[in-house]
Every structure is written in C-alpha cells, then in structure tokens.
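Enquirer: File name query_32.txt; file contents compact mmCIF, C-alpha atoms and all ligand atoms; full text below.
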# COMPACT_ATOMS: atom_id res chain seq x y z
CA MET U 21 -6.97 -16.35 -84.29
CA ASN U 22 -8.88 -14.20 -86.80
CA PRO U 23 -7.69 -15.61 -90.13
CA LYS U 24 -8.15 -13.75 -93.40
CA VAL U 25 -8.97 -16.51 -95.85
CA LEU U 26 -9.59 -16.31 -99.59
CA ILE U 27 -11.36 -19.33 -101.12
CA LEU U 28 -11.16 -19.76 -104.91
CA GLY U 29 -12.57 -22.31 -107.31
CA PRO U 30 -15.07 -22.76 -110.13
CA PRO U 31 -18.85 -22.52 -109.63
CA GLY U 32 -19.97 -25.58 -107.69
CA ALA U 33 -16.52 -26.43 -106.28
CA GLY U 34 -17.89 -26.13 -102.74
CA LYS U 35 -16.72 -22.61 -101.85
CA GLY U 36 -19.96 -21.67 -100.14
CA THR U 37 -20.27 -25.00 -98.31
CA GLN U 38 -16.70 -24.94 -96.96
CA SER U 39 -16.82 -21.19 -96.21
CA GLU U 40 -19.80 -21.73 -93.89
CA ARG U 41 -17.83 -24.35 -91.97
CA LEU U 42 -14.76 -22.07 -91.77
CA ALA U 43 -16.87 -19.18 -90.50
CA ASP U 44 -18.32 -21.41 -87.74
CA GLU U 45 -15.03 -23.04 -86.80
CA PHE U 46 -12.89 -19.89 -86.65
CA GLY U 47 -15.58 -17.37 -85.66
CA VAL U 48 -15.01 -15.16 -88.71
CA GLU U 49 -17.40 -13.58 -91.18
CA HIS U 50 -18.36 -15.25 -94.47
CA VAL U 51 -18.12 -12.47 -97.06
CA THR U 52 -19.70 -13.68 -100.30
CA THR U 53 -20.27 -11.52 -103.34
CA GLY U 54 -22.77 -14.05 -104.72
CA ASP U 55 -25.08 -13.73 -101.67
CA ALA U 56 -24.57 -9.95 -101.46
CA LEU U 57 -25.51 -9.58 -105.12
CA ARG U 58 -28.50 -11.95 -104.81
CA ALA U 59 -29.79 -9.77 -101.96
CA ASN U 60 -29.46 -6.77 -104.30
CA LYS U 61 -30.54 -8.34 -107.58
CA GLU U 62 -33.04 -5.58 -108.33
CA MET U 63 -30.74 -2.70 -107.27
CA ASP U 64 -31.05 0.20 -109.72
CA ILE U 65 -27.67 0.65 -111.46
CA SER U 66 -29.16 2.42 -114.49
CA ASP U 67 -27.18 5.61 -113.78
CA MET U 68 -23.82 3.81 -114.15
CA GLY U 69 -23.83 3.66 -117.95
CA LEU U 70 -23.72 -0.17 -118.00
CA GLU U 71 -25.31 -2.70 -120.35
CA TYR U 72 -28.13 -3.68 -117.94
CA ASP U 73 -30.06 -1.79 -115.27
CA THR U 74 -29.85 -4.38 -112.43
CA PRO U 75 -27.26 -6.96 -111.21
CA GLY U 76 -29.83 -9.75 -111.64
CA GLU U 77 -29.82 -9.41 -115.42
CA TYR U 78 -26.11 -10.33 -115.51
CA MET U 79 -26.41 -13.06 -112.87
CA ASP U 80 -29.28 -15.07 -114.32
CA GLN U 81 -27.34 -15.56 -117.55
CA GLY U 82 -24.15 -16.50 -115.73
CA ASP U 83 -22.18 -13.37 -116.70
CA LEU U 84 -20.07 -11.32 -114.28
CA VAL U 85 -21.62 -8.24 -112.73
CA PRO U 86 -19.49 -5.17 -113.64
CA ASP U 87 -16.48 -4.49 -111.39
CA VAL U 88 -17.65 -1.03 -110.36
CA VAL U 89 -20.67 -2.58 -108.60
CA VAL U 90 -18.84 -5.50 -106.96
CA ASP U 91 -15.68 -3.68 -105.81
CA ALA U 92 -17.72 -1.24 -103.74
CA MET U 93 -19.61 -4.08 -102.02
CA VAL U 94 -16.42 -5.93 -101.04
CA GLN U 95 -14.65 -2.79 -99.88
CA GLU U 96 -17.54 -1.99 -97.54
CA ALA U 97 -17.89 -5.57 -96.22
CA LEU U 98 -14.19 -6.12 -95.49
CA SER U 99 -13.83 -2.85 -93.61
CA ASP U 100 -16.27 -4.20 -90.99
CA PHE U 101 -14.34 -7.36 -89.95
CA ASP U 102 -10.91 -8.40 -88.57
CA GLY U 103 -11.11 -11.95 -89.90
CA PHE U 104 -13.11 -13.29 -92.83
CA VAL U 105 -13.59 -15.96 -95.48
CA LEU U 106 -13.88 -14.20 -98.81
CA ASP U 107 -15.85 -16.27 -101.36
CA GLY U 108 -16.63 -15.21 -104.96
CA TYR U 109 -14.10 -12.39 -105.28
CA PRO U 110 -11.72 -11.66 -107.00
CA ARG U 111 -12.96 -13.07 -110.31
CA ASN U 112 -10.77 -11.20 -112.81
CA ASP U 113 -7.42 -9.39 -112.96
CA HIS U 114 -8.93 -6.00 -112.16
CA GLN U 115 -10.54 -7.41 -108.97
CA VAL U 116 -7.19 -8.93 -107.91
CA GLU U 117 -5.62 -5.47 -108.02
CA ALA U 118 -8.58 -3.92 -106.20
CA LEU U 119 -8.39 -6.55 -103.42
CA GLU U 120 -4.66 -5.96 -102.96
CA GLU U 121 -5.48 -2.32 -102.18
CA MET U 122 -8.14 -3.35 -99.63
CA THR U 123 -6.48 -6.02 -97.43
CA ASP U 124 -3.76 -8.62 -96.96
CA LEU U 125 -4.51 -12.37 -96.76
CA ASP U 126 -3.29 -15.20 -94.50
CA VAL U 127 -4.23 -18.14 -96.69
CA VAL U 128 -5.48 -18.63 -100.25
CA LEU U 129 -7.35 -21.91 -100.81
CA SER U 130 -8.06 -23.21 -104.30
CA LEU U 131 -10.65 -25.99 -104.73
CA SER U 132 -10.55 -28.01 -107.95
CA VAL U 133 -13.27 -30.34 -109.30
CA PRO U 134 -13.78 -31.82 -112.81
CA ARG U 135 -16.21 -29.91 -115.05
CA GLU U 136 -18.95 -32.56 -115.45
CA GLU U 137 -19.05 -33.12 -111.67
CA LEU U 138 -19.59 -29.34 -111.32
CA VAL U 139 -22.55 -29.47 -113.70
CA ASP U 140 -24.10 -32.30 -111.60
CA ARG U 141 -23.51 -30.44 -108.34
CA LEU U 142 -25.02 -27.17 -109.55
CA THR U 143 -28.04 -28.50 -111.40
CA GLY U 144 -28.84 -30.65 -108.30
CA ARG U 145 -28.28 -27.91 -105.74
CA ARG U 146 -31.20 -26.64 -103.66
CA VAL U 147 -30.99 -23.62 -101.36
CA CYS U 148 -33.15 -22.47 -98.48
CA ASP U 149 -35.26 -19.51 -99.54
CA ASP U 150 -35.13 -18.14 -95.97
CA CYS U 151 -31.62 -18.74 -94.55
CA GLY U 152 -29.61 -19.62 -97.69
CA ALA U 153 -28.39 -23.05 -96.44
CA ASN U 154 -27.16 -25.32 -99.26
CA TYR U 155 -28.35 -28.86 -100.07
CA HIS U 156 -28.09 -31.29 -102.96
CA VAL U 157 -30.80 -33.64 -104.25
CA GLU U 158 -28.34 -36.55 -104.12
CA PHE U 159 -25.13 -35.63 -102.24
CA ASP U 160 -26.48 -33.59 -99.31
CA GLN U 161 -30.19 -34.26 -98.72
CA PRO U 162 -32.30 -32.59 -96.03
CA GLU U 163 -34.07 -34.81 -93.49
CA GLU U 164 -37.46 -33.92 -95.01
CA PRO U 165 -37.57 -33.39 -98.81
CA GLY U 166 -37.95 -29.72 -99.77
CA VAL U 167 -37.60 -28.43 -96.19
CA CYS U 168 -34.53 -26.77 -94.64
CA ASP U 169 -33.04 -28.64 -91.64
CA GLU U 170 -31.77 -25.36 -90.16
CA CYS U 171 -34.88 -23.18 -90.20
CA GLY U 172 -37.79 -25.10 -91.78
CA GLY U 173 -37.75 -22.80 -94.84
CA GLU U 174 -38.64 -23.91 -98.37
CA LEU U 175 -35.84 -25.31 -100.56
CA ILE U 176 -35.72 -23.80 -104.04
CA GLN U 177 -33.50 -23.99 -107.12
CA ARG U 178 -31.41 -20.89 -107.89
CA LYS U 179 -32.39 -19.25 -111.18
CA ASP U 180 -28.81 -19.57 -112.51
CA ASP U 181 -28.60 -23.31 -111.67
CA ASN U 182 -30.24 -24.39 -114.95
CA GLU U 183 -27.89 -26.24 -117.30
CA ALA U 184 -27.44 -23.40 -119.86
CA SER U 185 -26.50 -20.82 -117.20
CA VAL U 186 -24.27 -23.33 -115.42
CA ARG U 187 -22.30 -24.02 -118.60
CA ASN U 188 -21.95 -20.28 -119.27
CA ARG U 189 -20.75 -19.73 -115.69
CA LEU U 190 -18.12 -22.46 -116.15
CA ASP U 191 -16.98 -20.89 -119.45
CA THR U 192 -16.79 -17.46 -117.79
CA PHE U 193 -14.75 -19.01 -115.00
CA GLU U 194 -12.28 -20.52 -117.48
CA ALA U 195 -11.88 -17.25 -119.39
CA GLU U 196 -11.81 -14.74 -116.51
CA THR U 197 -11.16 -16.43 -113.17
CA ALA U 198 -8.76 -19.31 -113.91
CA PRO U 199 -5.99 -16.70 -114.51
CA VAL U 200 -6.72 -15.29 -111.03
CA ILE U 201 -5.83 -18.68 -109.53
CA GLY U 202 -2.64 -18.62 -111.62
CA HIS U 203 -1.82 -15.26 -110.06
CA TYR U 204 -1.94 -16.66 -106.49
CA ARG U 205 -0.44 -20.10 -107.24
CA GLY U 206 3.18 -20.27 -106.10
CA GLY U 207 2.70 -17.73 -103.32
CA GLU U 208 3.66 -19.04 -99.86
CA ASP U 209 0.07 -18.70 -98.60
CA PHE U 210 -1.43 -20.71 -101.51
CA VAL U 211 -2.89 -24.17 -100.80
CA ALA U 212 -4.43 -26.35 -103.54
CA VAL U 213 -7.26 -28.57 -102.21
CA ASP U 214 -8.78 -31.55 -104.03
CA GLY U 215 -12.47 -30.61 -104.07
CA ASP U 216 -13.47 -33.90 -105.71
CA GLN U 217 -13.81 -35.73 -102.39
CA SER U 218 -16.66 -36.11 -99.89
CA LEU U 219 -17.79 -32.96 -98.05
CA ASP U 220 -16.06 -34.12 -94.85
CA GLU U 221 -12.81 -35.06 -96.60
CA VAL U 222 -12.63 -31.64 -98.27
CA TRP U 223 -13.39 -30.02 -94.90
CA ALA U 224 -10.51 -31.90 -93.22
CA ASP U 225 -8.06 -30.56 -95.84
CA VAL U 226 -9.48 -27.02 -95.72
CA LYS U 227 -9.38 -26.83 -91.91
CA SER U 228 -5.84 -28.12 -91.65
CA ALA U 229 -4.67 -25.69 -94.37
CA VAL U 230 -6.06 -22.74 -92.42
CA GLU U 231 -4.69 -23.99 -89.09
CA SER U 232 -1.19 -24.36 -90.46
CA ASN U 233 -1.09 -21.14 -92.49
CA ALA U 234 -2.96 -18.56 -90.41
P1 LIG A 301 -21.78 -17.11 -106.77
O1 LIG A 301 -22.96 -17.16 -105.88
O2 LIG A 301 -20.45 -16.77 -106.21
O3 LIG A 301 -21.78 -18.46 -107.57
P2 LIG A 301 -20.60 -19.37 -108.10
O4 LIG A 301 -19.20 -18.88 -108.08
O5 LIG A 301 -21.13 -19.76 -109.41
O6 LIG A 301 -20.47 -20.42 -107.02
P3 LIG A 301 -21.59 -21.25 -106.42
O7 LIG A 301 -22.21 -20.58 -105.25
O8 LIG A 301 -22.55 -21.67 -107.50
O9 LIG A 301 -20.78 -22.56 -106.00
P4 LIG A 301 -19.92 -22.91 -104.72
O10 LIG A 301 -18.51 -23.14 -105.10
O11 LIG A 301 -20.18 -21.96 -103.59
O12 LIG A 301 -20.54 -24.34 -104.42
P5 LIG A 301 -21.50 -24.84 -103.24
O13 LIG A 301 -20.75 -24.90 -101.96
O14 LIG A 301 -22.80 -24.13 -103.26
O15 LIG A 301 -22.05 -16.05 -107.95
C1 LIG A 301 -23.28 -16.01 -108.65
C2 LIG A 301 -23.24 -14.89 -109.69
O16 LIG A 301 -23.03 -13.61 -109.04
C3 LIG A 301 -22.12 -14.97 -110.72
O17 LIG A 301 -22.44 -15.81 -111.80
C4 LIG A 301 -21.99 -13.49 -111.13
O18 LIG A 301 -23.03 -13.12 -112.01
C5 LIG A 301 -22.20 -12.76 -109.83
N1 LIG A 301 -20.94 -12.51 -109.11
C6 LIG A 301 -20.57 -13.05 -107.91
N2 LIG A 301 -19.35 -12.58 -107.56
C7 LIG A 301 -18.95 -11.74 -108.54
C8 LIG A 301 -17.76 -10.99 -108.75
N3 LIG A 301 -16.74 -11.01 -107.88
N4 LIG A 301 -17.67 -10.23 -109.88
C9 LIG A 301 -18.68 -10.20 -110.75
N5 LIG A 301 -19.83 -10.92 -110.64
C10 LIG A 301 -19.95 -11.67 -109.53
O19 LIG A 301 -21.73 -26.35 -103.75
C11 LIG A 301 -22.49 -26.60 -104.92
C12 LIG A 301 -23.36 -27.87 -104.71
O20 LIG A 301 -22.50 -29.02 -104.58
C13 LIG A 301 -24.23 -27.85 -103.44
O21 LIG A 301 -25.44 -28.44 -103.74
C14 LIG A 301 -23.43 -28.68 -102.42
O22 LIG A 301 -24.31 -29.34 -101.52
C15 LIG A 301 -22.71 -29.67 -103.33
N6 LIG A 301 -21.38 -30.00 -102.83
C16 LIG A 301 -20.45 -29.17 -102.30
N7 LIG A 301 -19.32 -29.83 -101.97
C17 LIG A 301 -19.56 -31.14 -102.33
C18 LIG A 301 -18.78 -32.33 -102.26
N8 LIG A 301 -17.52 -32.35 -101.75
N9 LIG A 301 -19.32 -33.48 -102.73
C19 LIG A 301 -20.58 -33.49 -103.24
N10 LIG A 301 -21.37 -32.40 -103.33
C20 LIG A 301 -20.86 -31.24 -102.88
Could you quickly redo this structure as structure tokens?

Expert:
Amino acid sequence: MNPKVLILGPPGAGKGTQSERLADEFGVEHVTTGDALRANKEMDISDMGLEYDTPGEYMDQGDLVPDVVVDAMVQEALSDFDGFVLDGYPRNDHQVEALEEMTDLDVVLSLSVPREELVDRLTGRRVCDDCGANYHVEFDQPEEPGVCDECGGELIQRKDDNEASVRNRLDTFEAETAPVIGHYRGGEDFVAVDGDQSLDEVWADVKSAVESNA
C-alpha cells in the first residue's frame, strides 16, 4: 500500500509529529512545505516582483510565503513519489486548485485542537538543529535536556515559535486555511481527528483512518 495522505490542521495541531509516524509506518515520503521552505529560507526570490526578497522574511513573521514559490516546490516533490504524506499544503483556495491539478488523494485527515493549547504547544516546542526531530519542553521531553534522542544534535527553538508569531500564524490559519478544510469536509475521503488527545491516542486514530481509507 502506498497511500496518498493529506494532513490538515492549524499550526501546532501535530501534523509534523503524526506525519513522521505515518511515513515510518507506511513507508511513504513526508512532503512538508514548512521544512522545504526552512531549508531554503535565504533563497533569492528578488526577481519575482514580490514584497520580500527571501522566503524567511515571510516565515519569521508568520505570514504565508507567496503561492508562486510554494506551488513549484510541491509540484517537484510530489512528482518523485508514489505515496506520500503531504503536510503544510494547501493553505489557501489557490493552492487547493493547484494541488488538484498535481495529484489525487486517498485520505484527507483534519486535526483539531483548541487555540490556547496550540499556543502552549508551539511556544514550548523544541526541534533538533541537525535532523529536525520535534520535542516539547513539557509534553514530549528528550532523555537528556537540550539533546536530540535520535542523533545527539542540539535542540533549538524555531524563530517563528515566539508568542507574537504564533498568534499571527493562528490568525492567518483562520483567515486563509480554515476554508480549505471546509472545502474537503464532506468528501468521502475526509476524516476528522480529535488532535486534543495524547500523542499515542491521536496516532491510533490517524493510523486506523489511513488503514480503512487507503
Ligand atoms: P509549517 O512548518 O508548516 O508550520 P505550521 O503549519 O505552523 O505547523 P507546525 O509545524 O508549527 O505545527 P505542526 O502541526 O506540524 O505541529 P507539531 O507536530 O510540530 O510552516 C511554517 C511557515 O512556512 C508558515 O508560517 C509559512 O510562512 C510557510 N509555509 C509553509 N507552508 C506554506 C504554504 N503551503 N504556503 C505558504 N507558506 C507556507 O507539534 C507542535 C508541538 O506540539 C511539538 O512540540 C509536539 O511535540 C507537540 N505535540 C504534538 N502533538 C501533541 C499532542 N497530541 N499532545 C501534546 N503535545 C503535542
């Protein structure tokens, strides 16, 4: 089975955490626009006639990077794989239409979590500077403080995980991305998952949704 999974939800809902588990369990690729853009934060986009000259200037404030930059990244990534977990895209109506041109989907998962819980999760998140593994200062601690269990790398705080950027990201989600979830809701491949449970409880629901829909 090479499922094509789309995972939706607000910043901090657990998309990245659950996508990693799906990629391991089903042997598919984790395609994440957030990680792809972070790896290209300083990319020169000054010839595109946009407001800023690099993706990082949009990201650190919690604004969306322009579609023209992101669409091209997703198109290229999806063409390389039979099965995938797509995380972080689409985030607005234009991106929904672009994705429909690129691929079909087997299952669309939507994680929901209350807003103040999202603020706690994001401001407490720590990520490995080397391998990108996710931790939380309270909910998902490494064995040794500040050190990645997977690779021994240093754990750092993402620049957009300060409270002001987090609140802007949540507002941007409400304005631009909540309608995307409305677009998929009601489709036969759509599964709503309660993201306000423990990591393992969310995983049990996510795994069973993919097994029964793919
Ligand atoms: P992106 O990297 O996609 O960030 P995001 O959507 O804000 O999502 P996060 O990665 O912050 O959260 P997540 O849902 O993956 O949660 P996680 O599993 O880490 O995008 C960053 C930026 O890039 C955007 O702001 C934008 O500028 C740009 N961008 C990206 N895609 C774009 C697009 N398509 N178009 C335009 N611009 C784009 O979990 C969070 C924390 O909670 C962790 O610490 C984790 O340990 C903890 N946690 C997870 N699950 C649980 C649980 N069940 N219980 C307790 N703690 C939990």

Enquirer: Find the residues near ligand LIG 301 (chain A). Use a cut-off of 7 Å, count only C-alpha atoms and all ligand atoms, and write them as a VMD selection string.

Expert: chain U and resid 29 to 38 52 to 55 57 78 to 80 82 to 87 90 107 to 111 141 to 142 144 to 146 154 to 156 159 to 160 189 215 to 219 222

Enquirer: How far is it from CA of Ala198 in chain U to CA of Ala56 in chain U, in Å with one decimal?

Expert: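 These atoms are spaced 22.2 Å apart.
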
Enquirer: Quick one: residues within 10 Å of range 118-121 of chain U, all atoms listed in the file counted, chain neighbours fewer than 4 positions away excluded, as a list in words?

Expert: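 Close residues of range 118-121 of chain U: Asp87, Asp91, Ala92, Val94, Gln95, Leu98, Tyr109, Pro110, Asp113, His114 and Leu125 of chain U.
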
Enquirer: Using only C-alpha atoms, pick whichever of U:Leu106, U:Val230, U:Ile176, U:Ala97 has the shortest atom-to-atom distance to Ser39 in chain U.

Expert: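 Result for the nearest residue to Ser39 in chain U: U:Leu106.
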
Enquirer: Would you pick out the contacts of range 23-25 of chain U at 8 Å or less, using all atoms listed in the file, so that residues sharing its chain but fewer than 6 positions from it are not included, and give the list as an NGL selection string?

Expert: :U and (46 or 48 or 102-106 or 124-129 or 230 or 234)

Enquirer: Rounded to one decimal place, report the CA of Ala195 in chain U-CA of Glu136 in chain U distance in Å.

Expert: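 Here the two named atoms are 17.3 Å from each other.
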
Enquirer: Pull range 115-160 of chain U out of the block and emit N, CA and C atoms, as a CSV table (one decimal), in the first residue's frame.

Expert:
chain,number,residue,atom,x,y,z
U,115,GLN,N,-4.1,27.3,-3.7
U,115,GLN,CA,-3.3,26.1,-3.5
U,115,GLN,C,-4.1,24.8,-3.6
U,116,VAL,N,-5.4,24.9,-3.2
U,116,VAL,CA,-6.3,23.7,-3.4
U,116,VAL,C,-6.4,23.4,-4.9
U,117,GLU,N,-6.7,24.4,-5.7
U,117,GLU,CA,-6.8,24.2,-7.1
U,117,GLU,C,-5.5,23.7,-7.7
U,118,ALA,N,-4.4,24.2,-7.3
U,118,ALA,CA,-3.1,23.8,-7.8
U,118,ALA,C,-2.9,22.3,-7.5
U,119,LEU,N,-3.2,21.9,-6.3
U,119,LEU,CA,-3.0,20.5,-5.9
U,119,LEU,C,-3.9,19.6,-6.7
U,120,GLU,N,-5.1,20.0,-6.9
U,120,GLU,CA,-6.0,19.1,-7.7
U,120,GLU,C,-5.4,18.9,-9.1
U,121,GLU,N,-4.7,19.8,-9.6
U,121,GLU,CA,-4.0,19.6,-10.9
U,121,GLU,C,-2.8,18.6,-10.8
U,122,MET,N,-2.2,18.5,-9.6
U,122,MET,CA,-1.0,17.7,-9.5
U,122,MET,C,-1.2,16.3,-9.2
U,123,THR,N,-2.2,15.9,-8.3
U,123,THR,CA,-2.4,14.6,-7.9
U,123,THR,C,-3.8,14.3,-7.3
U,124,ASP,N,-4.1,13.0,-7.2
U,124,ASP,CA,-5.3,12.7,-6.4
U,124,ASP,C,-4.9,12.3,-5.0
U,125,LEU,N,-5.9,12.1,-4.1
U,125,LEU,CA,-5.6,11.8,-2.7
U,125,LEU,C,-6.4,10.6,-2.3
U,126,ASP,N,-5.9,9.7,-1.4
U,126,ASP,CA,-6.6,8.6,-0.8
U,126,ASP,C,-7.4,9.0,0.5
U,127,VAL,N,-6.7,9.8,1.3
U,127,VAL,CA,-7.4,10.2,2.6
U,127,VAL,C,-6.9,11.6,3.0
U,128,VAL,N,-7.9,12.3,3.5
U,128,VAL,CA,-7.7,13.7,4.0
U,128,VAL,C,-8.0,13.7,5.5
U,129,LEU,N,-6.9,13.9,6.3
U,129,LEU,CA,-7.1,14.0,7.7
U,129,LEU,C,-7.1,15.4,8.2
U,130,SER,N,-8.0,15.7,9.1
U,130,SER,CA,-8.0,17.1,9.7
U,130,SER,C,-7.9,17.0,11.2
U,131,LEU,N,-6.8,17.5,11.7
U,131,LEU,CA,-6.6,17.5,13.2
U,131,LEU,C,-7.1,18.8,13.8
U,132,SER,N,-7.9,18.7,14.9
U,132,SER,CA,-8.4,19.9,15.5
U,132,SER,C,-7.9,20.0,17.0
U,133,VAL,N,-7.6,21.2,17.4
U,133,VAL,CA,-7.1,21.4,18.8
U,133,VAL,C,-7.4,22.8,19.2
U,134,PRO,N,-7.9,23.1,20.4
U,134,PRO,CA,-8.2,24.4,20.8
U,134,PRO,C,-7.1,25.4,20.8
U,135,ARG,N,-7.4,26.7,20.5
U,135,ARG,CA,-6.4,27.7,20.2
U,135,ARG,C,-5.3,27.8,21.3
U,136,GLU,N,-5.8,27.9,22.6
U,136,GLU,CA,-4.8,28.2,23.7
U,136,GLU,C,-3.8,27.0,23.9
U,137,GLU,N,-4.3,25.8,23.6
U,137,GLU,CA,-3.5,24.6,23.7
U,137,GLU,C,-2.4,24.7,22.5
U,138,LEU,N,-2.8,25.2,21.4
U,138,LEU,CA,-1.9,25.4,20.3
U,138,LEU,C,-0.8,26.4,20.6
U,139,VAL,N,-1.1,27.4,21.3
U,139,VAL,CA,-0.1,28.4,21.7
U,139,VAL,C,0.9,27.7,22.7
U,140,ASP,N,0.4,26.9,23.6
U,140,ASP,CA,1.3,26.2,24.6
U,140,ASP,C,2.2,25.3,23.8
U,141,ARG,N,1.6,24.5,22.9
U,141,ARG,CA,2.4,23.5,22.2
U,141,ARG,C,3.5,24.2,21.4
U,142,LEU,N,3.2,25.3,20.7
U,142,LEU,CA,4.2,25.9,19.8
U,142,LEU,C,5.3,26.7,20.6
U,143,THR,N,4.9,27.4,21.6
U,143,THR,CA,5.9,28.2,22.3
U,143,THR,C,6.8,27.2,23.1
U,144,GLY,N,6.3,26.0,23.4
U,144,GLY,CA,7.1,25.0,24.2
U,144,GLY,C,7.9,24.0,23.3
U,145,ARG,N,7.7,24.1,22.0
U,145,ARG,CA,8.3,23.2,21.0
U,145,ARG,C,9.8,23.4,20.9
U,146,ARG,N,10.6,22.3,20.8
U,146,ARG,CA,12.0,22.4,20.5
U,146,ARG,C,12.3,21.5,19.4
U,147,VAL,N,13.1,21.9,18.5
U,147,VAL,CA,13.4,21.0,17.3
U,147,VAL,C,14.9,20.8,17.2
U,148,CYS,N,15.3,19.6,16.7
U,148,CYS,CA,16.7,19.3,16.6
U,148,CYS,C,17.3,20.1,15.4
U,149,ASP,N,18.4,20.8,15.7
U,149,ASP,CA,19.0,21.6,14.7
U,149,ASP,C,19.6,20.8,13.5
U,150,ASP,N,19.9,19.5,13.8
U,150,ASP,CA,20.5,18.6,12.8
U,150,ASP,C,19.5,17.8,12.0
U,151,CYS,N,18.6,17.0,12.7
U,151,CYS,CA,17.7,16.1,12.0
U,151,CYS,C,16.3,16.6,11.9
U,152,GLY,N,15.9,17.7,12.7
U,152,GLY,CA,14.6,18.2,12.6
U,152,GLY,C,13.6,17.5,13.5
U,153,ALA,N,14.0,16.5,14.3
U,153,ALA,CA,13.0,15.8,15.2
U,153,ALA,C,12.4,16.9,16.1
U,154,ASN,N,11.1,16.6,16.5
U,154,ASN,CA,10.3,17.5,17.3
U,154,ASN,C,10.3,17.1,18.8
U,155,TYR,N,10.3,18.0,19.7
U,155,TYR,CA,10.1,17.7,21.1
U,155,TYR,C,9.3,18.8,21.7
U,156,HIS,N,8.9,18.7,23.0
U,156,HIS,CA,8.2,19.7,23.7
U,156,HIS,C,8.8,19.7,25.1
U,157,VAL,N,8.9,21.0,25.7
U,157,VAL,CA,9.6,21.1,27.0
U,157,VAL,C,8.8,20.4,28.1
U,158,GLU,N,7.5,20.2,27.9
U,158,GLU,CA,6.6,19.5,28.9
U,158,GLU,C,6.0,18.2,28.4
U,159,PHE,N,5.5,18.2,27.1
U,159,PHE,CA,4.7,17.1,26.7
U,159,PHE,C,5.5,16.0,26.0
U,160,ASP,N,6.7,16.3,25.6
U,160,ASP,CA,7.5,15.3,24.8
U,160,ASP,C,9.0,15.6,25.0
